[in-house]
>>> print(open('final.txt').read())   # compact mmCIF, C-alpha atoms (C1' of nucleotides)
# COMPACT_ATOMS: atom_id res chain seq x y z
CA MET A 1 11.79 10.45 -13.18
CA THR A 2 9.04 12.93 -13.87
CA PRO A 3 7.54 13.17 -17.36
CA GLU A 4 6.96 16.88 -17.19
CA ASP A 5 9.03 17.71 -20.25
CA LEU A 6 6.79 15.77 -22.60
CA PRO A 7 4.33 17.54 -24.91
CA ALA A 8 0.77 16.66 -23.92
CA SER A 9 -0.16 16.42 -27.59
CA GLU A 10 2.08 13.42 -28.06
CA LEU A 11 0.70 11.68 -25.06
CA ALA A 12 -2.78 12.00 -26.49
CA ALA A 13 -1.76 10.65 -29.86
CA VAL A 14 -0.24 7.52 -28.42
CA GLN A 15 -3.36 6.70 -26.49
CA VAL A 16 -1.50 5.30 -23.54
CA ALA A 17 -0.97 6.69 -20.12
CA VAL A 18 2.82 6.65 -20.35
CA SER A 19 4.76 7.89 -23.34
CA PRO A 20 7.30 5.65 -25.05
CA ILE A 21 10.15 7.73 -23.75
CA ASP A 22 8.87 7.40 -20.19
CA LYS A 23 8.36 3.74 -20.51
CA PHE A 24 11.88 3.43 -21.83
CA ARG A 25 13.31 5.54 -19.04
CA GLU A 26 11.55 3.34 -16.57
CA TYR A 27 12.89 0.19 -18.16
CA LEU A 28 16.42 1.54 -18.24
CA SER A 29 16.35 2.58 -14.62
CA THR A 30 15.46 -0.92 -13.54
CA ARG A 31 18.65 -2.08 -15.17
CA GLY A 32 20.85 0.65 -13.81
CA MET A 33 21.04 2.29 -17.21
CA LYS A 34 20.49 5.86 -18.27
CA LEU A 35 18.24 7.58 -20.73
CA THR A 36 20.98 9.38 -22.59
CA VAL A 37 20.59 12.05 -25.23
CA GLU A 38 21.31 9.53 -27.96
CA ARG A 39 18.72 7.10 -26.69
CA SER A 40 16.15 9.85 -26.49
CA ILE A 41 16.83 10.87 -30.06
CA ILE A 42 16.37 7.32 -31.24
CA VAL A 43 13.10 6.84 -29.41
CA GLU A 44 11.83 10.13 -30.74
CA GLU A 45 12.77 9.25 -34.30
CA VAL A 46 11.29 5.78 -34.05
CA PHE A 47 7.98 7.02 -32.73
CA SER A 48 7.73 9.97 -35.09
CA ASP A 49 5.64 7.77 -37.37
CA HIS A 50 4.08 4.32 -37.36
CA GLU A 51 5.82 2.80 -40.33
CA HIS A 52 7.78 -0.41 -40.22
CA PHE A 53 11.51 0.02 -40.48
CA ASP A 54 14.84 -1.73 -40.23
CA ALA A 55 18.01 -0.68 -38.49
CA GLU A 56 19.69 0.71 -41.57
CA GLN A 57 16.70 2.84 -42.49
CA LEU A 58 16.70 4.27 -39.01
CA VAL A 59 20.41 5.01 -39.25
CA ALA A 60 19.73 6.80 -42.51
CA ARG A 61 16.89 8.84 -41.04
CA LEU A 62 19.05 9.86 -38.12
CA SER A 63 21.97 10.88 -40.26
CA ARG A 64 19.61 12.94 -42.40
CA ARG A 65 18.62 15.12 -39.49
CA GLN A 66 19.65 18.72 -39.87
CA ASP A 67 19.81 19.48 -36.19
CA GLY A 68 23.12 17.75 -35.74
CA ARG A 69 21.57 15.28 -33.32
CA SER A 70 23.14 12.27 -34.90
CA VAL A 71 23.69 8.87 -33.40
CA SER A 72 26.17 6.22 -34.40
CA ARG A 73 25.19 2.99 -36.02
CA SER A 74 26.40 1.07 -32.98
CA SER A 75 24.13 2.99 -30.67
CA VAL A 76 21.20 2.47 -32.97
CA TYR A 77 21.62 -1.29 -32.96
CA ARG A 78 22.22 -1.38 -29.24
CA THR A 79 19.27 0.83 -28.49
CA LEU A 80 16.91 -1.10 -30.74
CA GLY A 81 17.75 -4.14 -28.70
CA TYR A 82 16.93 -2.37 -25.47
CA MET A 83 13.73 -0.95 -26.88
CA LYS A 84 12.66 -4.40 -27.82
CA GLU A 85 13.41 -5.64 -24.32
CA ALA A 86 11.49 -2.72 -22.94
CA GLY A 87 8.44 -3.69 -24.93
CA LEU A 88 8.53 -0.64 -27.16
CA LEU A 89 9.35 -2.51 -30.32
CA ARG A 90 9.04 -5.94 -31.74
CA LYS A 91 10.50 -7.64 -34.76
CA VAL A 92 7.75 -8.48 -37.20
CA ALA A 93 9.48 -9.91 -40.20
CA ARG A 94 12.69 -10.26 -42.04
CA SER A 95 13.20 -8.76 -45.43
CA HIS A 96 16.33 -8.69 -47.52
CA ASP A 97 18.31 -10.08 -44.61
CA ARG A 98 17.22 -7.30 -42.34
CA GLU A 99 15.03 -7.45 -39.28
CA ILE A 100 11.90 -5.35 -39.64
CA TYR A 101 10.69 -3.56 -36.54
CA GLU A 102 7.40 -1.97 -35.62
CA HIS A 103 5.91 -0.30 -32.57
CA ASP A 104 4.84 -2.71 -29.89
CA TYR A 105 3.63 -0.06 -27.52
CA GLY A 106 0.47 1.96 -27.81
CA TYR A 107 -0.83 -0.11 -30.71
CA PRO A 108 -2.99 -3.20 -30.70
CA GLN A 109 -1.60 -6.62 -31.41
CA HIS A 110 -1.82 -7.53 -35.07
CA ASP A 111 -0.29 -9.71 -37.74
CA HIS A 112 0.74 -9.27 -41.35
CA LEU A 113 0.04 -10.20 -44.92
CA ILE A 114 3.36 -9.94 -46.72
CA CYS A 115 3.53 -9.59 -50.47
CA SER A 116 6.28 -11.81 -51.80
CA LYS A 117 6.63 -9.60 -54.83
CA CYS A 118 6.63 -6.00 -53.69
CA GLY A 119 7.26 -6.56 -50.00
CA THR A 120 4.23 -4.60 -48.86
CA LEU A 121 3.10 -5.32 -45.32
CA ILE A 122 -0.63 -5.30 -44.68
CA GLU A 123 -1.67 -5.36 -41.06
CA PHE A 124 -4.68 -7.23 -39.80
CA HIS A 125 -6.08 -8.25 -36.48
CA ASN A 126 -8.12 -11.26 -35.61
CA ASP A 127 -9.11 -12.18 -32.08
CA ALA A 128 -9.89 -15.74 -33.03
CA VAL A 129 -6.25 -16.37 -33.84
CA SER A 130 -5.14 -15.30 -30.39
CA ASP A 131 -7.80 -17.42 -28.76
CA ILE A 132 -6.77 -20.47 -30.73
CA LEU A 133 -3.14 -20.00 -29.87
CA GLU A 134 -3.92 -19.67 -26.18
CA GLU A 135 -5.78 -22.93 -26.34
CA VAL A 136 -3.08 -24.72 -28.30
CA ALA A 137 -0.34 -23.51 -26.01
CA ALA A 138 -2.26 -24.57 -22.93
CA ARG A 139 -2.76 -28.02 -24.37
CA HIS A 140 1.02 -28.39 -24.66
CA GLY A 141 1.83 -26.96 -21.26
CA PHE A 142 3.48 -24.14 -23.12
CA ARG A 143 3.58 -20.71 -21.56
CA MET A 144 2.89 -18.40 -24.47
CA ALA A 145 4.60 -15.03 -24.43
CA GLY A 146 3.74 -13.88 -27.92
CA HIS A 147 3.55 -14.92 -31.51
CA ARG A 148 4.53 -14.00 -35.00
CA LEU A 149 2.18 -14.74 -37.84
CA GLU A 150 3.14 -13.92 -41.38
CA VAL A 151 0.92 -14.72 -44.32
CA TYR A 152 2.77 -14.91 -47.61
CA GLY A 153 1.38 -14.43 -51.04
CA LEU A 154 0.60 -11.68 -53.49
CA CYS A 155 -1.16 -8.46 -52.66
CA ALA A 156 -4.14 -7.41 -54.77
CA GLU A 157 -1.94 -5.16 -56.86
CA CYS A 158 0.71 -7.74 -57.62
CA SER A 159 -1.69 -10.61 -58.26
CA ARG A 160 -3.34 -8.68 -61.04
CA PRO A 161 -2.37 -10.31 -64.36
CA ARG A 162 -0.39 -8.19 -66.78
CA ARG A 163 -0.19 -8.72 -70.48
CA SER A 164 3.35 -7.48 -70.71
CA ARG A 165 4.57 -10.52 -68.84
CA LEU A 166 2.69 -12.99 -70.96
CA ASP A 167 4.15 -11.50 -74.08
CA ARG A 168 7.60 -12.70 -73.20
CA ILE A 169 7.92 -15.83 -75.30
CA MET B 1 13.11 -28.46 -73.66
CA THR B 2 10.56 -31.25 -73.91
CA PRO B 3 9.81 -33.44 -70.91
CA GLU B 4 9.87 -36.57 -73.00
CA ASP B 5 12.70 -38.05 -70.99
CA LEU B 6 10.41 -38.52 -68.01
CA PRO B 7 9.20 -42.07 -67.41
CA ALA B 8 5.49 -42.31 -68.08
CA SER B 9 5.09 -44.35 -64.94
CA GLU B 10 6.28 -41.45 -62.83
CA LEU B 11 4.08 -38.96 -64.57
CA ALA B 12 1.09 -41.14 -63.78
CA ALA B 13 2.03 -41.39 -60.13
CA VAL B 14 2.70 -37.71 -59.65
CA GLN B 15 -0.50 -37.02 -57.78
CA VAL B 16 0.01 -40.00 -55.55
CA ALA B 17 3.24 -40.99 -53.89
CA VAL B 18 6.38 -39.68 -55.52
CA SER B 19 9.54 -39.90 -53.48
CA PRO B 20 11.35 -36.70 -52.56
CA ILE B 21 14.21 -37.62 -54.82
CA ASP B 22 11.85 -38.09 -57.75
CA LYS B 23 10.06 -34.90 -57.09
CA PHE B 24 13.38 -33.12 -56.98
CA ARG B 25 14.54 -34.73 -60.20
CA GLU B 26 11.37 -33.59 -61.85
CA TYR B 27 11.80 -30.06 -60.59
CA LEU B 28 15.40 -29.92 -61.75
CA SER B 29 14.58 -31.20 -65.20
CA THR B 30 12.09 -28.41 -65.74
CA ARG B 31 14.90 -25.98 -65.16
CA GLY B 32 17.46 -27.74 -67.31
CA MET B 33 19.35 -28.87 -64.25
CA LYS B 34 20.67 -32.25 -63.25
CA LEU B 35 20.15 -34.53 -60.31
CA THR B 36 23.82 -34.98 -59.51
CA VAL B 37 25.37 -37.37 -57.04
CA GLU B 38 25.86 -34.55 -54.57
CA ARG B 39 22.26 -33.42 -54.79
CA SER B 40 21.07 -36.97 -54.29
CA ILE B 41 23.20 -37.34 -51.21
CA ILE B 42 21.79 -34.15 -49.76
CA VAL B 43 18.19 -35.14 -50.41
CA GLU B 44 18.81 -38.54 -48.91
CA GLU B 45 20.40 -37.08 -45.81
CA VAL B 46 17.69 -34.47 -45.38
CA PHE B 47 14.90 -37.01 -45.63
CA SER B 48 16.60 -39.62 -43.49
CA ASP B 49 14.66 -38.21 -40.54
CA HIS B 50 11.96 -35.64 -39.90
CA GLU B 51 13.82 -33.34 -37.57
CA HIS B 52 14.21 -29.66 -38.13
CA PHE B 53 17.67 -28.56 -39.09
CA ASP B 54 19.75 -25.67 -40.32
CA ALA B 55 22.35 -25.55 -43.05
CA GLU B 56 25.32 -25.92 -40.74
CA GLN B 57 23.87 -28.95 -39.01
CA LEU B 58 23.34 -30.56 -42.36
CA VAL B 59 26.90 -29.78 -43.37
CA ALA B 60 28.06 -31.41 -40.17
CA ARG B 61 25.93 -34.51 -40.73
CA LEU B 62 27.28 -34.86 -44.24
CA SER B 63 30.89 -34.49 -43.21
CA ARG B 64 30.31 -37.10 -40.52
CA ARG B 65 29.39 -39.73 -43.07
CA GLN B 66 31.81 -42.61 -43.22
CA ASP B 67 31.10 -43.57 -46.79
CA GLY B 68 33.13 -40.74 -48.22
CA ARG B 69 30.06 -39.27 -49.85
CA SER B 70 30.73 -35.76 -48.74
CA VAL B 71 29.40 -32.55 -50.17
CA SER B 72 30.81 -29.08 -49.89
CA ARG B 73 29.20 -26.36 -47.87
CA SER B 74 28.54 -24.38 -51.03
CA SER B 75 26.60 -27.20 -52.58
CA VAL B 76 24.59 -27.68 -49.44
CA TYR B 77 23.47 -24.07 -49.38
CA ARG B 78 22.78 -24.05 -53.09
CA THR B 79 20.85 -27.29 -52.96
CA LEU B 80 18.77 -26.25 -49.98
CA GLY B 81 17.64 -23.29 -52.02
CA TYR B 82 16.61 -25.51 -54.91
CA MET B 83 14.85 -27.95 -52.60
CA LYS B 84 12.86 -25.10 -51.18
CA GLU B 85 11.92 -23.97 -54.67
CA ALA B 86 10.96 -27.51 -55.51
CA GLY B 87 8.58 -27.65 -52.58
CA LEU B 88 10.58 -30.22 -50.67
CA LEU B 89 11.57 -27.93 -47.85
CA ARG B 90 10.38 -24.78 -46.23
CA LYS B 91 11.94 -22.39 -43.78
CA VAL B 92 10.00 -22.51 -40.55
CA ALA B 93 11.88 -20.28 -38.19
CA ARG B 94 15.09 -18.54 -37.48
CA SER B 95 17.19 -19.46 -34.51
CA HIS B 96 20.58 -18.14 -33.54
CA ASP B 97 20.79 -16.29 -36.83
CA ARG B 98 20.26 -19.45 -38.81
CA GLU B 99 17.36 -20.42 -40.99
CA ILE B 100 15.60 -23.54 -39.74
CA TYR B 101 14.29 -25.92 -42.37
CA GLU B 102 11.79 -28.73 -42.26
CA HIS B 103 10.18 -31.09 -44.72
CA ASP B 104 7.47 -29.53 -46.78
CA TYR B 105 6.70 -32.62 -48.75
CA GLY B 106 4.84 -35.65 -47.55
CA TYR B 107 3.88 -34.03 -44.27
CA PRO B 108 0.81 -32.03 -43.34
CA GLN B 109 0.91 -28.31 -42.85
CA HIS B 110 1.59 -27.30 -39.28
CA ASP B 111 2.95 -24.52 -37.11
CA HIS B 112 5.26 -24.26 -34.13
CA LEU B 113 5.57 -23.44 -30.51
CA ILE B 114 9.12 -22.23 -30.00
CA CYS B 115 10.73 -22.26 -26.59
CA SER B 116 12.67 -19.06 -26.11
CA LYS B 117 14.91 -20.74 -23.60
CA CYS B 118 15.93 -24.13 -24.98
CA GLY B 119 14.93 -23.57 -28.58
CA THR B 120 12.73 -26.65 -28.75
CA LEU B 121 10.21 -26.66 -31.57
CA ILE B 122 6.84 -28.22 -30.87
CA GLU B 123 4.66 -28.83 -33.89
CA PHE B 124 0.93 -28.39 -33.85
CA HIS B 125 -1.80 -28.27 -36.40
CA ASN B 126 -5.02 -26.40 -36.29
CA ASP B 127 -7.46 -26.21 -39.18
CA ALA B 128 -9.19 -23.18 -37.74
CA VAL B 129 -6.05 -21.11 -38.21
CA SER B 130 -5.87 -21.90 -41.89
CA ASP B 131 -9.54 -21.13 -42.34
CA ILE B 132 -9.20 -17.81 -40.62
CA LEU B 133 -6.22 -16.85 -42.70
CA GLU B 134 -8.00 -17.74 -45.91
CA GLU B 135 -10.83 -15.50 -44.90
CA VAL B 136 -8.58 -12.62 -43.86
CA ALA B 137 -6.56 -12.85 -47.04
CA ALA B 138 -9.67 -12.87 -49.18
CA ARG B 139 -10.98 -9.81 -47.43
CA HIS B 140 -7.82 -7.95 -48.45
CA GLY B 141 -7.75 -9.21 -52.00
CA PHE B 142 -4.58 -10.99 -51.03
CA ARG B 143 -3.68 -14.23 -52.76
CA MET B 144 -2.32 -16.38 -49.96
CA ALA B 145 0.44 -18.78 -50.83
CA GLY B 146 1.40 -19.89 -47.35
CA HIS B 147 2.05 -18.71 -43.85
CA ARG B 148 4.47 -18.88 -41.00
CA LEU B 149 3.13 -18.93 -37.48
CA GLU B 150 5.51 -19.03 -34.56
CA VAL B 151 4.32 -18.98 -30.99
CA TYR B 152 6.98 -17.86 -28.55
CA GLY B 153 7.20 -18.64 -24.90
CA LEU B 154 8.49 -21.31 -22.56
CA CYS B 155 7.97 -25.01 -23.00
CA ALA B 156 6.61 -27.02 -20.09
CA GLU B 157 10.10 -28.12 -19.14
CA CYS B 158 11.64 -24.66 -19.13
CA SER B 159 8.74 -22.96 -17.38
CA ARG B 160 9.13 -25.28 -14.44
CA PRO B 161 10.98 -23.51 -11.61
CA ARG B 162 14.24 -25.09 -10.55
CA ARG B 163 15.89 -24.82 -7.22
CA SER B 164 19.36 -25.13 -8.63
CA ARG B 165 18.98 -21.82 -10.39
CA LEU B 166 17.68 -20.03 -7.32
CA ASP B 167 20.65 -21.22 -5.35
CA ARG B 168 22.98 -19.10 -7.39
CA ILE B 169 23.02 -16.07 -5.10
C1' DT C 1 36.01 9.96 -9.64
C1' DT C 2 33.46 6.54 -10.98
C1' DT C 3 30.29 4.42 -13.87
C1' DC C 4 27.98 3.96 -17.83
C1' DG C 5 27.68 5.22 -22.91
C1' DT C 6 29.32 6.45 -27.34
C1' DG C 7 31.63 5.98 -31.63
C1' DC C 8 34.89 3.90 -34.58
C1' DA C 9 36.70 0.16 -36.55
C1' DA C 10 37.23 -4.53 -36.61
C1' DA C 11 35.38 -8.79 -35.94
C1' DG C 12 31.62 -12.37 -36.33
C1' DC C 13 28.47 -15.17 -38.69
C1' DC C 14 25.66 -17.04 -41.87
C1' DT C 15 25.15 -17.18 -46.64
C1' DT C 16 26.33 -16.07 -51.34
C1' DT C 17 29.33 -15.86 -55.23
C1' DG C 18 33.51 -15.76 -58.55
C1' DC C 19 36.15 -18.84 -60.81
C1' DA C 20 38.96 -22.67 -62.20
C1' DT C 21 38.29 -27.39 -62.57
C1' DC C 22 35.62 -31.40 -63.25
C1' DC C 23 32.46 -34.46 -65.22
C1' DA C 24 28.56 -36.87 -67.29
C1' DT C 25 20.82 -38.69 -64.39
C1' DA D 1 33.07 -30.89 -77.17
C1' DT D 2 29.59 -28.85 -73.79
C1' DG D 3 26.93 -27.11 -70.39
C1' DG D 4 26.00 -27.50 -66.01
C1' DA D 5 28.00 -28.57 -61.16
C1' DT D 6 31.37 -28.68 -57.60
C1' DG D 7 34.58 -26.89 -54.21
C1' DC D 8 37.50 -23.58 -52.40
C1' DA D 9 38.20 -19.27 -50.91
C1' DA D 10 36.85 -14.73 -50.79
C1' DA D 11 33.35 -11.55 -50.66
C1' DG D 12 28.83 -9.77 -48.86
C1' DG D 13 25.80 -7.75 -45.70
C1' DC D 14 23.77 -7.28 -41.32
C1' DT D 15 24.83 -7.08 -36.57
C1' DT D 16 27.84 -7.36 -32.62
C1' DT D 17 31.78 -6.21 -29.94
C1' DG D 18 36.50 -4.52 -28.09
C1' DC D 19 38.34 -0.53 -26.61
C1' DA D 20 39.66 4.19 -25.66
C1' DC D 21 37.63 8.37 -24.95
C1' DG D 22 33.78 11.15 -23.19
C1' DA D 23 30.00 12.69 -20.31
C1' DA D 24 27.08 12.84 -16.43
C1' DA D 25 26.30 12.15 -11.41
>>> encode(input="final.txt", output="structure tokens")
Amino acid sequence: MTPEDLPASELAAVQVAVSPIDKFREYLSTRGMKLTVERSIIVEEVFSDHEHFDAEQLVARLSRRQDGRSVSRSSVYRTLGYMKEAGLLRKVARSHDREIYEHDYGYPQHDHLICSKCGTLIEFHNDAVSDILEEVAARHGFRMAGHRLEVYGLCAECSRPRRSRLDRI
Amino acid sequence: MTPEDLPASELAAVQVAVSPIDKFREYLSTRGMKLTVERSIIVEEVFSDHEHFDAEQLVARLSRRQDGRSVSRSSVYRTLGYMKEAGLLRKVARSHDREIYEHDYGYPQHDHLICSKCGTLIEFHNDAVSDILEEVAARHGFRMAGHRLEVYGLCAECSRPRRSRLDRI
DNA sequence: TTTCGTGCAAAGCCTTTGCATCCAT
DNA sequence: ATGGATGCAAAGGCTTTGCACGAAA
């Protein structure tokens, strides 16, 4: 119950009162579930950086650990689901038939520009969008819980014309 | 190689009102492909109403036809892909692990409110959203090609409390 | 002991693909 | 004769699940 085993440095970096692991523990307890060693490892790995990731990449990162703290693929998938329910993660896109996750805790709401060519995800935030959606939802008697906005196109890098391509025939 | 087999009348009407089937034929011809009987059946079935659908539903609708004009599942999937490339369809969401399609030809751009409970899709259009996205994209040197905006939550119907559910212990 | 969790393998599902056959917008 | 297209079945690839064993309270 008590978060006394958490490094203060991490708490500061997340900029929230409760660390992800604590929030997860809290969520689990309300469902009669436990914060097991495996679940802790997964949360730690997931929040070790802010990059987007998919289940398989996470499995790979976990199996690459040299401390022998590995977790099975099944547990990874199951835990990602719980973390999403707990509000720690959210699915932001789908790439190559895989769900892409990102932190949904400790970071402000934002959306993405997705390059159709290289797959790069560029985050952006715009309050006006949220306001508009609130208004639209209200007009339809719809109780908005969240949204997913993906803008497709080509990033600056990929939209730059290249001679090599024009040379082909 | 040359598009000389295209009726001049159709070329002239391109910017105006070309039927989905014609637009598809045109697209196919530019790729050296043919508008076969099966592809025509699929286009006809898809544009027989404006509802959203997924591949399996379309397969079901086609197999339900009494005129013996059936099409295999393979062809349905393959053709949906071509129709998307041709600009006739677009994927708007993903529900129950299936891609949801809708017409992308002859209908104005719009987005959706998606009920997390019953899966209902409510369409809405808002110019401000498009404007904002154009601006955001420009600011990032991103060449926007399109977007996908899904608002999650509960529709008016599903957000209404029901006694019957409370009765269950 | 009892309950919940893990890991493995197998199953599920949607979607794609290899290949022989078919056919003609 | 000639490509492209179809249809069937099998393969793919991500994700879920059944089940026996394991660990913690």
>>> calpha_fit_rmsd(input="final.txt", fixed="chain A", moving="chain B")
4.1 Å
>>> axis_aligned_box(input="final.txt", around="range 39-52 of chain A", padding_each_side="6 Å", output="JSON")
{"center_x": 11.4, "center_y": 5.2, "center_z": -33.4, "size_x": 26.6, "size_y": 23.3, "size_z": 25.8}
>>> interface_residues(input="final.txt", of="chain B", to="chain C", cutoff="8 Å", atoms="all atoms listed in the file", output="PyMOL selection string")
chain B and resi 34-36+77+97-98
>>> residues_around(input="final.txt", residues="range 153-156 of chain B", least_positions_apart="2", cutoff="8 Å", atoms="all atoms listed in the file", output="PyMOL selection string")
(chain A and resi 140-146) or (chain B and resi 113-117+120+151+158-160)
>>> interface_residues(input="final.txt", of="chain B", to="chain D", cutoff="9 Å", atoms="all atoms listed in the file", output="list in words")
Gly32, Met33, Lys34, Thr36, Glu38, Val71, Ser72, Arg73, Ser74 and Ser75 of chain B
>>> atom_distance(input="final.txt", atom1="CA of Glu150 in chain B", atom2="CA of His147 in chain A")
5.5 Å
>>> closest_residue(input="final.txt", among="A:Val37, A:Leu80, A:Ile42, A:Ile21", to="Ile100 in chain A", atoms="all atoms listed in the file")
A:Leu80
>>> closest_atom_pairs(input="final.txt", of="range 53-168 of chain A", to="range 129-138 of chain B", cutoff="9 Å", atoms="all atoms listed in the file", output="Markdown table")
| residue | atom | partner | partner_atom | distance |
| --- | --- | --- | --- | --- |
| A:Leu113 | CA | B:Ala137 | CA | 7.4 |
| A:Phe124 | CA | B:Val136 | CA | 7.8 |
| A:His125 | CA | B:Val136 | CA | 8.9 |
| A:Asn126 | CA | B:Ile132 | CA | 8.3 |
| A:Ala128 | CA | B:Ile132 | CA | 7.9 |
| A:Val129 | CA | B:Val129 | CA | 6.5 |
| A:Ile132 | CA | B:Val129 | CA | 7.5 |
| A:Leu133 | CA | B:Val129 | CA | 8.9 |
| A:Val151 | CA | B:Leu133 | CA | 7.6 |
| A:Cys155 | CA | B:Ala137 | CA | 8.9 |
